[in-house]
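Peer 1: If you scroll down you'll find the structure; I have some questions about it.
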Protein chains: 2
Amino acid sequence: METENPIPDEESKPNYTPVGKLGEFGLIKKLTEKIILKQLSTIKGVGDDAAVIEPEENQVILFSTDMLAEGVHFDLTYTPLRHLGYKAVAVNVSDICAMNGIPTQITVSIGVSNQFSVEAMEELYKGMRYACEEYGVDLVGGDTTSSHSGMIINIAIIGKCKKEEVAYRNTAKEGDIICVSGDLGGACAGLLILGRGKKMFADDPEAKPDLTGYDYVLKRQLMPQARVDIVALFKEHSIIPTAMIDISDGLSSEVNHLCEDGRIGAVIDEERIPINDATKKVASEFKQEAMAYALSGGEDYELLFTLSPKDFEKLKNSDQIKRIGEITSPAQGVSLRDKAGTLHPLSAKGWDGLKGEK
Amino acid sequence: METENPIPDEESKPNYTPVGKLGEFGLIKKLTEKIILKQLSTIKGVGDDAAVIEPEENQVILFSTDMLAEGVHFDLTYTPLRHLGYKAVAVNVSDICAMNGIPTQITVSIGVSNQFSVEAMEELYKGMRYACEEYGVDLVGGDTTSSHSGMIINIAIIGKCKKEEVAYRNTAKEGDIICVSGDLGGACAGLLILGRGKKMFADDPEAKPDLTGYDYVLKRQLMPQARVDIVALFKEHSIIPTAMIDISDGLSSEVNHLCEDGRIGAVIDEERIPINDATKKVASEFKQEAMAYALSGGEDYELLFTLSPKDFEKLKNSDQIKRIGEITSPAQGVSLRDKAGTLHPLSAKGWDGLKGEK
């Protein structure tokens, strides 16, 4: 199965060396020797008991972590390791973006079988380094351990932000405009295409699933972008979102998080939810509704945020930001308004009308 | 098998609830509702995309992570979950101590089978909370995921330190005094006792391994203490170690790290290496040398550090610190001086005379 590989090869690596042969220190050395530090605040990166980071004055440190487990978050039968490394970093960067912060440093912990090859580990790190470069993040430490099971990747991340600019998820107010970056549902569509390819291959190992034409949704699944550009856009316009969260579990779940299960209400306009044509094409092939992917699919790592009407005016012409609804009083609950104007309750699991479709 | 349990029960939990029944959000809520934040710098802990930490002025942030995998770092057949939780935190705190820093916040990621019980997870968290309280650390975030394999625990930690007080591992100078806190080899002895008990139980499930009299070594293995007291002692005496590292892999390996594989040399006096009588008793039962446990056993989480002769004078009467050797010129290499005064090369794997014993 071939997918476009946007992370360039640095050199060819035809050999196979079991991780066990190098030993832990050898492996760490091999994996970290190509890391380049960029942050002025990084006083000490990999190579000591802890990384040393000097924050700037009046800045807060943002600190988060995400674990990815084989068989749960990724399937190595169709996930190129380089993409996996990229995604592991991007989903952590996305957490910092969701606080309106700037990512600065990560640590990487990997649990992997002794039989896993060094070359495969290097592929994984290549993707991580590529992401670190793209997002301006320093990889400053970590841990590698053998695991008797599948691969586990844990990344912890630190970011910075001015204290008064931090965007929490539970601070939206009635009357705020609800916006989303990019488009939704693509990552879910990509996963369905990859799953179909895997099944075809399982049924007939000679089959070569044709992934042509699915580039967009595959990239959304395999190499999601953390929206550092949206955070930069806010700063450029001196805007602080009144609330923000990243979309890892699907729009329905995240809107309910914003409303903190009842503290405030929200109305989302179905027609305004941005869905790419490529995503709609996949939904049509699978005889499903693309809206279900957007509401419940997850893994898009777009930003869901609220703005005061005044701040929204400053950004309304951006093609990367779509207004999708408003924050209402708690009495109105959380709902989806369809094309006819009818309101449907929107639970954390998705529009009730779509239940069981995903 | 019963071991003394120093972490008190808060309430009895006779029920069994599969993790899957609660769901991710329910589980996180259940696991985090008892967390108490203590650090003034913690602006926001669990419950948002990232923790928000406001460092003090002129302070650096120390940032580290450690992963513990079932079957590699712990064996659930004889490790009480509360101890495991405690140890997972302590080994991370130890990394911050090894930088001469003060631990402040942690994030916890856990990968666990869906079939693992909520009660067992709570036991694990109970141990983590107990350690957090003891070390004054805030648990500020994390991730819980299902894992198709054994349990994986990853903790990331942040600590603080004045910039000029950070102790790196590669900054010792010729003439410095090499010291160690506490005593060594106990954690290895404890592991042997637990392993013997497991084997007895496997051979005869009716057998009840008698662990009486092994309290000291069992505690060293199951509930190692991070030496925050030693860092406090340094501050009390206005001492900055010229270099420091924690002993996770055994004294031999760590001394070689201090010497950075040849940048400087070191002589360790065998007779000065502190070993507890309880550790010697176990070695004698197993017809092994306790010195091998100290040199190659690991997991003691004591601090190995170097002091200028002048600073050493200030601490020489402390019963928690032992002078065990000196930093020499690189030409002399890294060696162990036996009782007769003979020098033996000390490789990272341990005294050559002990090879194969462990």
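Identifiers in this document derive from the order of the structure tokens: chains are assigned A, B, ..., residues are numbered from 1 separately in each chain, and ligands are numbered from 1 in order of occurrence.
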Going by DSSP on the backbone, which residues of range 67-235 of chain A come out as strand (DSSP E or B)? List them as JSON, numbers by chain.

Peer 2: {"A": [67, 68, 69, 70, 74, 102, 103, 104, 105, 106, 107, 108, 109, 110, 111, 112, 117, 138, 139, 140, 141, 142, 143, 144, 145, 146, 152, 153, 154, 155, 156, 157, 158, 159, 160, 161, 162, 177, 178, 179, 180, 181]}

Peer 1: Counting only C-alpha atoms, which residues of chain A come no farther than 8 Å from chain B, as a PyMOL selection string?

Peer 2: chain A and resi 48-55+57+59-72+95-96+98-99+107-111+141-150+154+156+163+168-169+245-246

Peer 1: Give the answer as one residue: which of A:Lys314, A:His344, A:Lys349, A:Lys87 has the shortest atom-to-atom distance to Arg129 in chain A, using only C-alpha atoms?

Peer 2: A:Lys87
